[in-house]
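Chemist: Input entry.txt, format and content: compact mmCIF, N, CA and C atoms.
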# COMPACT_ATOMS: atom_id res chain seq x y z
N MET A 1 113.46 56.24 -16.62
CA MET A 1 112.06 56.52 -16.87
C MET A 1 111.28 55.24 -16.62
N ARG A 2 110.06 55.39 -16.11
CA ARG A 2 109.21 54.24 -15.86
C ARG A 2 107.79 54.56 -16.28
N THR A 3 107.00 53.53 -16.46
CA THR A 3 105.59 53.72 -16.82
C THR A 3 104.77 53.82 -15.54
N VAL A 4 103.92 54.83 -15.47
CA VAL A 4 103.05 55.01 -14.31
C VAL A 4 101.61 55.20 -14.79
N ILE A 5 100.69 54.84 -13.94
CA ILE A 5 99.27 55.05 -14.22
C ILE A 5 98.79 56.09 -13.22
N VAL A 6 98.23 57.17 -13.74
CA VAL A 6 97.73 58.25 -12.89
C VAL A 6 96.31 58.60 -13.31
N ARG A 7 95.62 59.26 -12.41
CA ARG A 7 94.29 59.78 -12.75
C ARG A 7 94.10 61.13 -12.08
N LEU A 8 93.31 61.97 -12.72
CA LEU A 8 92.95 63.25 -12.13
C LEU A 8 91.73 63.03 -11.27
N VAL A 9 91.80 63.49 -10.03
CA VAL A 9 90.70 63.35 -9.08
C VAL A 9 90.11 64.73 -8.85
N GLU A 10 88.82 64.87 -9.06
CA GLU A 10 88.11 66.12 -8.85
C GLU A 10 88.75 67.29 -9.60
N PRO A 11 89.08 67.12 -10.89
CA PRO A 11 89.66 68.25 -11.61
C PRO A 11 88.63 69.36 -11.80
N GLU A 12 89.09 70.58 -11.77
CA GLU A 12 88.22 71.72 -12.04
C GLU A 12 89.06 72.83 -12.61
N GLN A 13 88.39 73.75 -13.25
CA GLN A 13 89.07 74.90 -13.82
C GLN A 13 88.52 76.15 -13.15
N SER A 14 89.43 76.91 -12.58
CA SER A 14 89.03 78.11 -11.86
C SER A 14 89.89 79.27 -12.33
N GLY A 15 89.26 80.29 -12.88
CA GLY A 15 90.00 81.44 -13.36
C GLY A 15 90.98 81.10 -14.47
N GLY A 16 90.66 80.09 -15.26
CA GLY A 16 91.54 79.68 -16.35
C GLY A 16 92.65 78.75 -15.93
N ARG A 17 92.70 78.36 -14.66
CA ARG A 17 93.74 77.45 -14.16
C ARG A 17 93.13 76.10 -13.83
N LEU A 18 93.82 75.05 -14.23
CA LEU A 18 93.41 73.70 -13.91
C LEU A 18 93.93 73.35 -12.52
N CYS A 19 93.07 72.78 -11.69
CA CYS A 19 93.51 72.37 -10.36
C CYS A 19 92.75 71.12 -9.96
N GLY A 20 93.24 70.45 -8.93
CA GLY A 20 92.61 69.22 -8.45
C GLY A 20 93.63 68.35 -7.77
N LEU A 21 93.43 67.04 -7.88
CA LEU A 21 94.33 66.07 -7.28
C LEU A 21 94.84 65.13 -8.36
N LEU A 22 96.12 64.76 -8.27
CA LEU A 22 96.71 63.77 -9.16
C LEU A 22 97.01 62.54 -8.33
N GLU A 23 96.48 61.40 -8.74
CA GLU A 23 96.69 60.18 -7.98
C GLU A 23 97.45 59.17 -8.83
N GLU A 24 98.63 58.79 -8.35
CA GLU A 24 99.39 57.71 -8.96
C GLU A 24 98.87 56.42 -8.34
N VAL A 25 98.62 55.39 -9.15
CA VAL A 25 98.08 54.13 -8.65
C VAL A 25 98.95 53.62 -7.51
N GLY A 26 98.33 53.32 -6.38
CA GLY A 26 99.03 52.82 -5.21
C GLY A 26 99.57 53.89 -4.29
N CYS A 27 99.33 55.15 -4.60
CA CYS A 27 99.83 56.26 -3.78
C CYS A 27 98.69 57.19 -3.41
N GLU A 28 98.95 58.06 -2.46
CA GLU A 28 97.97 59.05 -2.03
C GLU A 28 97.84 60.15 -3.09
N PRO A 29 96.63 60.70 -3.28
CA PRO A 29 96.47 61.82 -4.21
C PRO A 29 97.27 63.05 -3.75
N VAL A 30 97.80 63.78 -4.71
CA VAL A 30 98.60 64.98 -4.42
C VAL A 30 97.90 66.17 -5.08
N PRO A 31 97.69 67.25 -4.33
CA PRO A 31 97.03 68.43 -4.93
C PRO A 31 97.96 69.15 -5.89
N PHE A 32 97.36 69.74 -6.92
CA PHE A 32 98.10 70.59 -7.84
C PHE A 32 97.24 71.80 -8.18
N ASN A 33 97.91 72.86 -8.59
CA ASN A 33 97.22 74.09 -8.97
C ASN A 33 97.97 74.68 -10.16
N GLY A 34 97.44 74.49 -11.34
CA GLY A 34 98.07 75.01 -12.55
C GLY A 34 98.68 73.91 -13.39
N THR A 35 98.78 74.17 -14.67
CA THR A 35 99.28 73.19 -15.62
C THR A 35 100.74 72.83 -15.35
N GLU A 36 101.57 73.84 -15.04
CA GLU A 36 102.99 73.56 -14.78
C GLU A 36 103.15 72.65 -13.56
N ALA A 37 102.36 72.87 -12.52
CA ALA A 37 102.43 72.02 -11.34
C ALA A 37 102.02 70.59 -11.68
N LEU A 38 101.00 70.44 -12.53
CA LEU A 38 100.57 69.11 -12.96
C LEU A 38 101.68 68.43 -13.74
N LEU A 39 102.30 69.14 -14.67
CA LEU A 39 103.39 68.56 -15.45
C LEU A 39 104.57 68.18 -14.56
N ASP A 40 104.89 68.99 -13.57
CA ASP A 40 105.97 68.65 -12.64
C ASP A 40 105.67 67.36 -11.89
N LEU A 41 104.43 67.20 -11.42
CA LEU A 41 104.05 65.98 -10.72
C LEU A 41 104.15 64.76 -11.64
N LEU A 42 103.72 64.91 -12.89
CA LEU A 42 103.80 63.80 -13.85
C LEU A 42 105.25 63.43 -14.13
N ARG A 43 106.12 64.43 -14.28
CA ARG A 43 107.55 64.15 -14.51
C ARG A 43 108.16 63.43 -13.31
N ASP A 44 107.83 63.88 -12.11
CA ASP A 44 108.34 63.23 -10.90
C ASP A 44 107.87 61.79 -10.82
N ALA A 45 106.60 61.56 -11.10
CA ALA A 45 106.04 60.19 -11.03
C ALA A 45 106.71 59.27 -12.04
N ALA A 46 107.07 59.81 -13.20
CA ALA A 46 107.69 59.00 -14.25
C ALA A 46 109.21 58.88 -14.07
N GLY A 47 109.75 59.61 -13.08
CA GLY A 47 111.18 59.55 -12.83
C GLY A 47 112.00 60.34 -13.83
N LEU A 48 111.42 61.35 -14.45
CA LEU A 48 112.13 62.12 -15.47
C LEU A 48 112.97 63.25 -14.89
N ASP A 49 112.77 63.62 -13.64
CA ASP A 49 113.52 64.72 -13.05
C ASP A 49 114.66 64.24 -12.14
N GLU A 50 114.96 62.96 -12.20
CA GLU A 50 116.03 62.43 -11.35
C GLU A 50 117.38 62.83 -11.91
N ASP A 51 118.33 63.08 -11.00
CA ASP A 51 119.69 63.43 -11.39
C ASP A 51 120.38 62.17 -11.94
N PRO A 52 120.85 62.21 -13.21
CA PRO A 52 121.43 61.02 -13.81
C PRO A 52 122.76 60.59 -13.23
N SER A 53 123.42 61.43 -12.42
CA SER A 53 124.73 61.07 -11.87
C SER A 53 124.63 60.26 -10.61
Kindly return the structure encoded in the file as structure tokens.

Modeler:
Amino acid sequence: MRTVIVRLVEPEQSGGRLCGLLEEVGCEPVPFNGTEALLDLLRDAAGLDEDPS
């Protein structure tokens, strides 16, 4: 696990779903659509979904 700094770029809520861009400092913004997609991107950025083996 590592510490990352991210920001939401142009977040909006449409039809009850959160969407926009997630930008990790030093990287290109990545689009997301929905809370689960946002959480997946955050886990990936923090290195939480890496295979421990």

Chemist: Could you please determine the separation between CA of Gln13 (chain A) and CA of Leu38 (chain A) in Å, to one decimal place?

Modeler: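 It comes out at 12.9 Å.
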
Chemist: Just give me the residues with any atom within 6 Å of (97.7, 57.3, -13.4), file coordinates, counting only N, CA and C atoms, written as a VMD selection string.

Modeler: chain A and resid 4 to 7 23 to 25

Chemist: Excluding region 40-49 of chain A and any residue of its chain fewer than 5 positions from it, enumerate the residues within 6 Å of it, using all atoms listed in the file, and give them as a list in words.

Modeler: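 My list of contacting residues is Met1, Arg2, Thr3, Val4 and Thr35 of chain A.
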
Chemist: What is the CA of Glu28 (chain A) to CA of Val9 (chain A) distance in Å?

Modeler: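 Calculated distance between CA of Glu28 (chain A) and CA of Val9 (chain A) is 11.0 Å.
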
Chemist: Just asking: which residues within chain A are strand (DSSP E) according to DSSP, as an MDAnalysis selection string?

Modeler: chainID A and resid 6:14 17:24 30:33

Chemist: Suppose you want the space between CA of Gly16 (chain A) and CA of Val30 (chain A); what is it in Å?

Modeler: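 Going from CA of Gly16 (chain A) over to CA of Val30 (chain A) covers 20.2 Å.
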
Chemist: Name the residues in contact with Gly34 (chain A) at a cut-off of 6.5 Å, using all atoms listed in the file, excluding same-chain residues fewer than 2 positions from it; report them as a PyMOL selection string.

Modeler: chain A and resi 17-20+32+36-39
